[in-house]
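Only one structure is covered here, and it is reproduced in the block below.
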Amino acid sequence: DLDTRAFGRVCDTDFGAFATDDADDRLDYFGQFGHQIDETHEWGGMVVGTDQPDFGNTIAALRASGRETSGLNYALEAAFTRTNGADGNGRYLSGEVGWAEDHWSAGVTYDEYARDFFPANGIVDGDLLDTRGATVAAGYYRDFGAGPLYNIQADLYWQRRDVMDGDLQGDLQKDYIGASGSIELRNEIRLTLGYAGGDYRPVVGGPGEWATTLNKDSYWTAGVEFNTRNDRLSYGVFVSDGRIAD
């Protein structure tokens, strides 16, 4: 029924905000800012909230990131939720450090999601709550100016997550390895192949309610695309196959 918004930039800081209100006594609001320290370093934050008849919820988040001339890059994130009328006083923390130079890149990310982390106006995968874990990834990408190939790309990652609290505290929740690659030919055909799989403990109820057994997952996908450089029509076909097993 009613809304207002504002956005702009002052020197090296940009900002934006809006709020909406309806006849059911629901108020939703959002505000953010970002400050550019220099060309490769920045930080910012945001607040998102909702006030409804049954509950109220607010999330506040901060993020800082940087990139050095050596190829080193890094970022830190933190978010906290506060809820009235329901469970939802939790946190999310994340840190990453990586390196990129020429055709290679590599990085490590660590994050943790408290069981009661609850951004009411956001989306969080249910199997992330009540877990902490790390992902190690590496990649290669190269364009070719001549020859039969336009480019090649390859990515590899390993991810492990453990349960944070409860009866299964410290037990494995996920141990996955994944790999993918693609080749784009000069005749505008791209071939792709990927795999992901490993041990996985599913959620069986609400946040933090885990199965007592681990699944053995595996998932393959392969594809071919045509007219990859055409800005009007491209087409292809992908085939995927996998299993979720006890």
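Within each chain, counting starts at residue 1; across the structure tokens, chains are named A, B, ... in the order shown, with ligands numbered 1 upward in that order.
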Sorted by chain and rising residue number, which residues of segment 141-225 of chain A lie within 7 Å of segment 242-245 of chain A, and what are their closest atom pairs and distances in Å to one decimal, counting only C-alpha atoms, as JSON lines?
```
{"residue": "A:Asn215", "atom": "CA", "partner": "A:Ala245", "partner_atom": "CA", "distance": 5.2}
{"residue": "A:Lys216", "atom": "CA", "partner": "A:Ala245", "partner_atom": "CA", "distance": 5.2}
{"residue": "A:Asp217", "atom": "CA", "partner": "A:Ile244", "partner_atom": "CA", "distance": 4.7}
{"residue": "A:Ser218", "atom": "CA", "partner": "A:Gly242", "partner_atom": "CA", "distance": 5.3}
{"residue": "A:Tyr219", "atom": "CA", "partner": "A:Gly242", "partner_atom": "CA", "distance": 4.0}
{"residue": "A:Trp220", "atom": "CA", "partner": "A:Gly242", "partner_atom": "CA", "distance": 6.0}
```
Next, the residues of the selection above should be written as a PDB file, in the first residue's frame with C-alpha atoms.
```pdb
ATOM      1  CA  ASN A 215      24.354 -41.107   1.805  1.00  0.00           C
ATOM      2  CA  LYS A 216      26.818 -41.990  -0.943  1.00  0.00           C
ATOM      3  CA  ASP A 217      26.055 -39.485  -3.705  1.00  0.00           C
ATOM      4  CA  SER A 218      27.373 -39.278  -7.255  1.00  0.00           C
ATOM      5  CA  TYR A 219      26.293 -37.045 -10.107  1.00  0.00           C
ATOM      6  CA  TRP A 220      27.578 -36.759 -13.695  1.00  0.00           C
TER       7      TRP A 220
END
```
For this session: Tell me, as a ChimeraX atom specification, which residues lie within 10 Å of segment 7-11 of chain A, counting only C-alpha atoms; anything in the same chain fewer than 2 positions away does not count.
Result: /A:5,13-18,31-36
Can you tell me, as a PDB file with C-alpha atoms, in the first residue's frame, what residues are no more than 9 Å from segment 79-89 of chain A when counting only C-alpha atoms, ignoring any on the same chain fewer than 5 positions away?
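The file below, around_18.pdb, is the result:
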```
ATOM      1  CA  ASP A  54       3.388 -12.767  14.375  1.00  0.00           C
ATOM      2  CA  PHE A  55       7.079 -11.895  14.593  1.00  0.00           C
ATOM      3  CA  GLY A  56       9.776  -9.374  13.811  1.00  0.00           C
ATOM      4  CA  ASN A  57      13.153 -10.126  12.226  1.00  0.00           C
ATOM      5  CA  THR A  58      16.270  -8.137  11.367  1.00  0.00           C
ATOM      6  CA  ILE A  59      19.538  -9.162   9.738  1.00  0.00           C
ATOM      7  CA  ALA A  60      22.641  -6.962   9.794  1.00  0.00           C
ATOM      8  CA  ALA A  61      25.665  -7.840   7.658  1.00  0.00           C
ATOM      9  CA  LEU A  62      29.142  -6.494   6.929  1.00  0.00           C
ATOM     10  CA  ARG A  63      31.569  -7.412   4.156  1.00  0.00           C
ATOM     11  CA  ALA A 114      24.425 -21.166  13.344  1.00  0.00           C
ATOM     12  CA  ARG A 115      21.297 -23.298  13.716  1.00  0.00           C
ATOM     13  CA  ASP A 116      19.155 -20.260  14.575  1.00  0.00           C
ATOM     14  CA  PHE A 117      20.463 -18.026  11.778  1.00  0.00           C
ATOM     15  CA  PHE A 118      17.183 -16.803  10.268  1.00  0.00           C
ATOM     16  CA  PRO A 119      17.032 -14.108   7.576  1.00  0.00           C
ATOM     17  CA  ALA A 120      13.242 -13.937   7.165  1.00  0.00           C
TER      18      ALA A 120
END
```
For this session: Tell me, as a list of chain:residue names, which residues lie within 6 Å of segment 65-78 of chain A, counting only C-alpha atoms; anything in the same chain fewer than 4 positions away does not count.
Result: A:Thr40, A:His41, A:Glu42, A:Ala61, A:Tyr92, A:Leu93, A:Ser94, A:Gly95, A:Glu96, A:Val97, A:Gly98, A:Trp99, A:Ala100, A:Glu101
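A straight line drawn from atom CA of Gly205 of chain A to atom CA of Asp241 of chain A is 26.9 Å long.
Closest approach to Ile183 of chain A among A:Asp165, A:Asp143, A:Asp102, A:Glu112: A:Asp143, based on only C-alpha atoms.
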For this session: Skip Gly166 of chain A itself and residues of its chain fewer than 2 positions away, then list as a list in words all residues within 10 Å of it, counting only C-alpha atoms.
Result: Arg115, Asp130, Val163, Met164, Leu168, Gln169, Gly170, Gly208, Glu209 and Trp210 of chain A
Take the selection from the previous step and output its residues with N, CA and C atoms, as a PDB file, in the first residue's frame.
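Saved as out.pdb:
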```pdb
ATOM      1  N   ARG A 115      22.601 -22.654  13.915  1.00  0.00           N
ATOM      2  CA  ARG A 115      21.297 -23.298  13.716  1.00  0.00           C
ATOM      3  C   ARG A 115      20.168 -22.278  13.668  1.00  0.00           C
ATOM      4  N   ASP A 130      23.460 -24.985  11.067  1.00  0.00           N
ATOM      5  CA  ASP A 130      24.068 -25.894  12.038  1.00  0.00           C
ATOM      6  C   ASP A 130      25.278 -26.622  11.471  1.00  0.00           C
ATOM      7  N   VAL A 163      28.826 -31.024  11.472  1.00  0.00           N
ATOM      8  CA  VAL A 163      27.717 -30.554  12.304  1.00  0.00           C
ATOM      9  C   VAL A 163      28.276 -29.737  13.469  1.00  0.00           C
ATOM     10  N   MET A 164      27.637 -28.592  13.761  1.00  0.00           N
ATOM     11  CA  MET A 164      28.159 -27.705  14.795  1.00  0.00           C
ATOM     12  C   MET A 164      27.678 -28.062  16.194  1.00  0.00           C
ATOM     13  N   LEU A 168      25.024 -34.872  17.282  1.00  0.00           N
ATOM     14  CA  LEU A 168      25.998 -35.229  16.245  1.00  0.00           C
ATOM     15  C   LEU A 168      27.096 -34.185  16.105  1.00  0.00           C
ATOM     16  N   GLN A 169      27.295 -33.377  17.117  1.00  0.00           N
ATOM     17  CA  GLN A 169      28.297 -32.323  17.064  1.00  0.00           C
ATOM     18  C   GLN A 169      29.653 -32.879  16.657  1.00  0.00           C
ATOM     19  N   GLY A 170      30.260 -32.280  15.651  1.00  0.00           N
ATOM     20  CA  GLY A 170      31.564 -32.699  15.169  1.00  0.00           C
ATOM     21  C   GLY A 170      31.528 -33.804  14.143  1.00  0.00           C
ATOM     22  N   GLY A 208      19.140 -28.366  12.034  1.00  0.00           N
ATOM     23  CA  GLY A 208      19.885 -29.113  13.031  1.00  0.00           C
ATOM     24  C   GLY A 208      19.366 -30.500  13.312  1.00  0.00           C
ATOM     25  N   GLU A 209      18.358 -30.968  12.584  1.00  0.00           N
ATOM     26  CA  GLU A 209      17.841 -32.327  12.753  1.00  0.00           C
ATOM     27  C   GLU A 209      18.384 -33.177  11.598  1.00  0.00           C
ATOM     28  N   TRP A 210      19.369 -34.005  11.926  1.00  0.00           N
ATOM     29  CA  TRP A 210      20.131 -34.717  10.911  1.00  0.00           C
ATOM     30  C   TRP A 210      19.837 -36.214  10.925  1.00  0.00           C
TER      31      TRP A 210
END
```
Exercise. Skipping near chain neighbours, those fewer than 3 positions away, what residues fall within 6 Å of Gly133 of chain A using only C-alpha atoms, listed as a list in words?
Worked result: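 Final neighbour list, sorted by chain and number: Tyr110, Asp111, Arg160 and Arg161 of chain A.
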Keeping N, CA, C and O atoms for every residue in the selection just given, could you write it to a file as a PDB file, in the first residue's frame?
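Resulting contents of out-v6.pdb:
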```
ATOM      1  N   TYR A 110      36.174 -20.583   4.249  1.00  0.00           N
ATOM      2  CA  TYR A 110      35.649 -21.179   5.478  1.00  0.00           C
ATOM      3  C   TYR A 110      34.388 -20.425   5.866  1.00  0.00           C
ATOM      4  O   TYR A 110      34.345 -19.181   5.803  1.00  0.00           O
ATOM      5  N   ASP A 111      33.344 -21.141   6.260  1.00  0.00           N
ATOM      6  CA  ASP A 111      32.137 -20.469   6.716  1.00  0.00           C
ATOM      7  C   ASP A 111      31.421 -21.328   7.755  1.00  0.00           C
ATOM      8  O   ASP A 111      31.648 -22.535   7.847  1.00  0.00           O
ATOM      9  N   ARG A 160      34.206 -29.933   2.632  1.00  0.00           N
ATOM     10  CA  ARG A 160      33.882 -30.724   3.816  1.00  0.00           C
ATOM     11  C   ARG A 160      33.139 -29.840   4.804  1.00  0.00           C
ATOM     12  O   ARG A 160      33.550 -28.705   5.082  1.00  0.00           O
ATOM     13  N   ARG A 161      32.036 -30.371   5.353  1.00  0.00           N
ATOM     14  CA  ARG A 161      31.258 -29.667   6.355  1.00  0.00           C
ATOM     15  C   ARG A 161      30.972 -30.611   7.519  1.00  0.00           C
ATOM     16  O   ARG A 161      30.751 -31.812   7.311  1.00  0.00           O
TER      17      ARG A 161
END
```
Problem set entry | Within 7 Å of Tyr141 of chain A using only C-alpha atoms, minus same-chain residues under 4 positions, as a ChimeraX atom specification | /A:103-104,152-154
Selected residues, N, CA and C atoms, written as a tab-separated table (two decimals), in the first residue's frame, please.
```
chain	number	residue	atom	x	y	z
A	103	HIS	N	46.55	-17.68	-16.08
A	103	HIS	CA	45.41	-18.56	-16.36
A	103	HIS	C	44.96	-19.35	-15.13
A	104	TRP	N	45.67	-19.25	-14.02
A	104	TRP	CA	45.38	-20.10	-12.87
A	104	TRP	C	44.71	-19.32	-11.76
A	152	ILE	N	39.72	-23.15	-23.21
A	152	ILE	CA	39.51	-24.32	-22.36
A	152	ILE	C	39.35	-23.84	-20.93
A	153	GLN	N	38.59	-24.59	-20.16
A	153	GLN	CA	38.35	-24.25	-18.76
A	153	GLN	C	38.25	-25.52	-17.94
A	154	ALA	N	38.83	-25.49	-16.75
A	154	ALA	CA	38.77	-26.64	-15.85
A	154	ALA	C	38.66	-26.14	-14.41
```
For this session: State, in Å with one decimal place, the distance from atom CA of Trp43 of chain A to atom CA of Gly107 of chain A.
Result: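 Separating atom CA of Trp43 of chain A from atom CA of Gly107 of chain A is a distance of 20.0 Å.
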For this session: Pick out the closest residue to Glu39 of chain A from this set: A:Ile123, A:Ala138, A:Thr109, A:Asp12. Count only C-alpha atoms.
Result: A:Asp12
For this session: May I ask for the distance between atom CA of Asp231 of chain A and atom CA of Gly147 of chain A, given in Å to one decimal place?
Result: 22.4 Å
Exercise. When distances are computed from only C-alpha atoms, which of A:Tyr176, A:Ser240, A:Tyr113, A:Gly194 shows the smallest separation from Gly126 of chain A?
Worked result: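 Smallest distance to Gly126 of chain A is found for A:Tyr113.
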Problem set entry | DSSP strand (DSSP E or B) residues within segment 47-208 of chain A, as a PyMOL selection string | chain A and resi 47-51+56-67+72-84+90-101+104-113+131-143+149-163+172-185+189-200+203
